[in-house]
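Undergrad: I am attaching a structure below and will ask some questions about it afterwards.
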Amino acid sequence: SKAMVYITNEGHGGNGSIYDVKEDDFVIVTTYHLLQDSKEVLVYFPSQDIVTAKVLGVNEKHDVGFIMVQNEDIGFDTLENLSCVYYDADAVDELKIDDIMEYRFLEWNNGNVSSVKHEGKIGHTNWYIDDFDDYFIYNYCEVAPGMSGCAAVAEDGSYIGMMIGGVDNESGVLSAKTIADIYDSMR
């Protein structure tokens, strides 16, 4: 949960994960549908610090966006307690139906955020979605408004992707492999 953030943009909110840490800044991955056509968004950290982040780039087709926060814009205590998601390509490849997974996210409550996790099971590891022209990880895990962009993690805690959307107890995760490919193509 040290890699989770909550993002607001013109009255809409969702989640993101600290994806890449550099010397002077760090990059957060979230959904395009949260960023839309904005140049900046607000980011809330578990410490309750709030900063403005610059939109670096988006991939509308896959509903992915990346934002950047300058290290100097947040307090030292907040910066010291952050971490990056742990992505292991093998963890994604080794997923099987009925494997345990979790959504880790920050829940919004009148300007305060708190860390939450929902546990579920993998329903399908390569579910083709026409609208995205890609394969998703289909799962049975409780979802609610504001969770879009949250981290999906395997039982060992490794990042397997990002929740794009869902209803009730069914949702889709864009694979960490696809996210990595998109991020690499934007750099």
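FYI, nothing fancy with the structure tokens labels: chains A, B, ... in order, residues from 1 per chain, ligands from 1 as they appear.
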I need the residues in range 19-184 of chain A that are strand (DSSP E or B) according to DSSP; give them as a PyMOL selection string.

TA: chain A and resi 19-21+25-30+40-44+50-59+64-70+87+100-109+112-129+134-140+151-154+159-167+170-175

Undergrad: Fewer than 6 positions away in the same chain doesn't count, so skip those; otherwise give me all residues within 8 Å of range 43-57 of chain A, counting only C-alpha atoms, as a list in words.

TA: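 Non-adjacent residues within range: Lys2, Met4, Val5, Tyr6, Ile7, Thr8, Leu35, Gly65, Phe66, Ile67, Met68, Val69, Gln70, Asp73, Ile74, Gly75, Thr78, Leu106, Asn112, Val113, Ser114, Ser115 and Met186 of chain A.
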
Undergrad: Would you please work out which residue, of A:Phe26, A:Tyr32, A:Tyr87, A:Tyr183, is nearest to Glu72 in chain A when using only C-alpha atoms?

TA: A:Phe26

Undergrad: Show me, as a list of chain:residue names, the residues that have an atom within 7 Å of Asn126 in chain A when counting only C-alpha atoms, minus same-chain residues fewer than 4 positions from it.

TA: A:Tyr135, A:Phe136, A:Ile137

Undergrad: Could you turn the residues from that selection into a file that holds N, CA and C atoms, as a compact mmCIF listing (two decimals), in the first residue's frame?

TA:
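Saved file result_16.txt follows:
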# COMPACT_ATOMS: atom_id res chain seq x y z
N TYR A 135 -5.87 -8.58 -24.28
CA TYR A 135 -6.27 -9.58 -23.30
C TYR A 135 -6.22 -9.00 -21.89
N PHE A 136 -7.22 -9.32 -21.10
CA PHE A 136 -7.30 -8.86 -19.71
C PHE A 136 -7.24 -10.06 -18.77
N ILE A 137 -6.96 -9.79 -17.52
CA ILE A 137 -7.07 -10.79 -16.47
C ILE A 137 -8.46 -10.60 -15.86

Undergrad: Taking 5 positions as the minimum chain separation for residues in the same chain, which residues sit within 9 Å of range 10-19 of chain A when counting only C-alpha atoms? Answer as an MDAnalysis selection string.

TA: chainID A and resid 1:5 26:31 34 41 43 66 82:87 105:108 145:151 162

Undergrad: Give me, as JSON lines, the closest atom pair and its distance (Å, one decimal) for every residue of range 24-143 of chain A within a cut-off of 8 Å of range 165-170 of chain A, counting only C-alpha atoms, rows sorted by chain and rising number.

TA:
{"residue": "A:Tyr138", "atom": "CA", "partner": "A:Glu170", "partner_atom": "CA", "distance": 7.4}
{"residue": "A:Asn139", "atom": "CA", "partner": "A:Glu170", "partner_atom": "CA", "distance": 5.8}
{"residue": "A:Tyr140", "atom": "CA", "partner": "A:Glu170", "partner_atom": "CA", "distance": 4.6}
{"residue": "A:Cys141", "atom": "CA", "partner": "A:Asn169", "partner_atom": "CA", "distance": 4.9}
{"residue": "A:Glu142", "atom": "CA", "partner": "A:Asn169", "partner_atom": "CA", "distance": 4.3}
{"residue": "A:Val143", "atom": "CA", "partner": "A:Asp168", "partner_atom": "CA", "distance": 5.6}

Undergrad: Keeping only N, CA and C atoms, write those residues as a PDB file, in the first residue's frame.

TA:
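Resulting contents of again-v5.pdb:
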ATOM      1  N   TYR A 138      -9.317 -11.552 -16.081  1.00  0.00           N
ATOM      2  CA  TYR A 138     -10.690 -11.485 -15.579  1.00  0.00           C
ATOM      3  C   TYR A 138     -10.706 -12.078 -14.177  1.00  0.00           C
ATOM      4  N   ASN A 139     -11.398 -11.417 -13.249  1.00  0.00           N
ATOM      5  CA  ASN A 139     -11.372 -11.906 -11.873  1.00  0.00           C
ATOM      6  C   ASN A 139     -12.697 -11.692 -11.163  1.00  0.00           C
ATOM      7  N   TYR A 140     -12.807 -12.364 -10.039  1.00  0.00           N
ATOM      8  CA  TYR A 140     -13.960 -12.242  -9.154  1.00  0.00           C
ATOM      9  C   TYR A 140     -13.474 -11.586  -7.868  1.00  0.00           C
ATOM     10  N   CYS A 141     -13.624 -10.281  -7.820  1.00  0.00           N
ATOM     11  CA  CYS A 141     -13.162  -9.507  -6.672  1.00  0.00           C
ATOM     12  C   CYS A 141     -14.070  -8.287  -6.545  1.00  0.00           C
ATOM     13  N   GLU A 142     -14.467  -7.970  -5.356  1.00  0.00           N
ATOM     14  CA  GLU A 142     -15.371  -6.843  -5.120  1.00  0.00           C
ATOM     15  C   GLU A 142     -14.783  -5.544  -5.667  1.00  0.00           C
ATOM     16  N   VAL A 143     -15.608  -4.792  -6.378  1.00  0.00           N
ATOM     17  CA  VAL A 143     -15.205  -3.487  -6.896  1.00  0.00           C
ATOM     18  C   VAL A 143     -16.249  -2.446  -6.531  1.00  0.00           C
TER      19      VAL A 143
END

Undergrad: Per DSSP on the backbone, what are the alpha helix (DSSP H) residues of range 2-187 of chain A, as a ChimeraX atom specification?

TA: /A:32-35,76-80,89-93,176-186

Undergrad: What lies within 9 Å of Leu174 in chain A using only C-alpha atoms, ignoring chain neighbours under 4 positions off, as a compact mmCIF listing (two decimals) with C-alpha atoms, in the first residue's frame?

TA:
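Here's the written file result_12.txt:
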# COMPACT_ATOMS: atom_id res chain seq x y z
CA HIS A 62 -5.87 0.68 -23.46
CA ASP A 63 -7.25 3.20 -20.92
CA VAL A 64 -3.81 3.89 -19.44
CA ASP A 134 -6.14 -6.89 -25.94
CA TYR A 135 -6.27 -9.58 -23.30
CA PHE A 136 -7.30 -8.86 -19.71
CA ILE A 137 -7.07 -10.79 -16.47
CA ILE A 160 0.08 -8.12 -12.03
CA GLY A 161 -1.74 -5.13 -13.48
CA MET A 162 -4.27 -2.35 -13.05
CA MET A 163 -8.02 -2.58 -12.56
CA ILE A 164 -9.73 -0.87 -15.47
CA THR A 178 0.85 -4.41 -21.45
CA ILE A 179 1.35 -1.47 -19.09

Undergrad: For Asp25 in chain A, which residue among A:Leu79, A:Met101, A:Ala89, A:Ile129 is the nearest when counting only C-alpha atoms?

TA: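 Going through A:Leu79, A:Met101, A:Ala89, A:Ile129 one by one, the smallest distance to Asp25 in chain A is for A:Leu79.
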
Undergrad: So, counting only C-alpha atoms, which residue among A:Ala176, A:Val21, A:Ala144, A:Ile122 is closest to Asp98 in chain A?

TA: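 Among the listed residues, the smallest separation from Asp98 in chain A belongs to A:Ile122.
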
Undergrad: Expressed in Å to a single decimal, how great is the separation between CA of Asn59 in chain A and CA of Lys39 in chain A?

TA: 14.3 Å

Undergrad: Can you tell me, as a VMD selection string, what residues are no more than 7 Å from Ile97 in chain A when counting only C-alpha atoms, ignoring any on the same chain fewer than 3 positions away?

TA: chain A and resid 122 to 125

Undergrad: Just give me the gap between CA of His118 in chain A and CA of Gly157 in chain A in Å, one decimal is fine.

TA: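 Those two atoms sit 13.0 Å apart.
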
Undergrad: Just to confirm, what's the straight-line distance from CA of Asn109 in chain A to CA of Asp156 in chain A in Å (one decimal)?

TA: 28.9 Å

Undergrad: Which is closest to Leu42 in chain A among A:Asp88, A:Asn71, A:Asp130, A:Asn9, if we use only C-alpha atoms?

TA: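 Nearest to Leu42 in chain A: A:Asn9.
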
Undergrad: Which residue, A:Ile100, A:Val58, A:Val153, A:Asp133, has the smallest gap to Gln36 in chain A when you use only C-alpha atoms?

TA: A:Val58
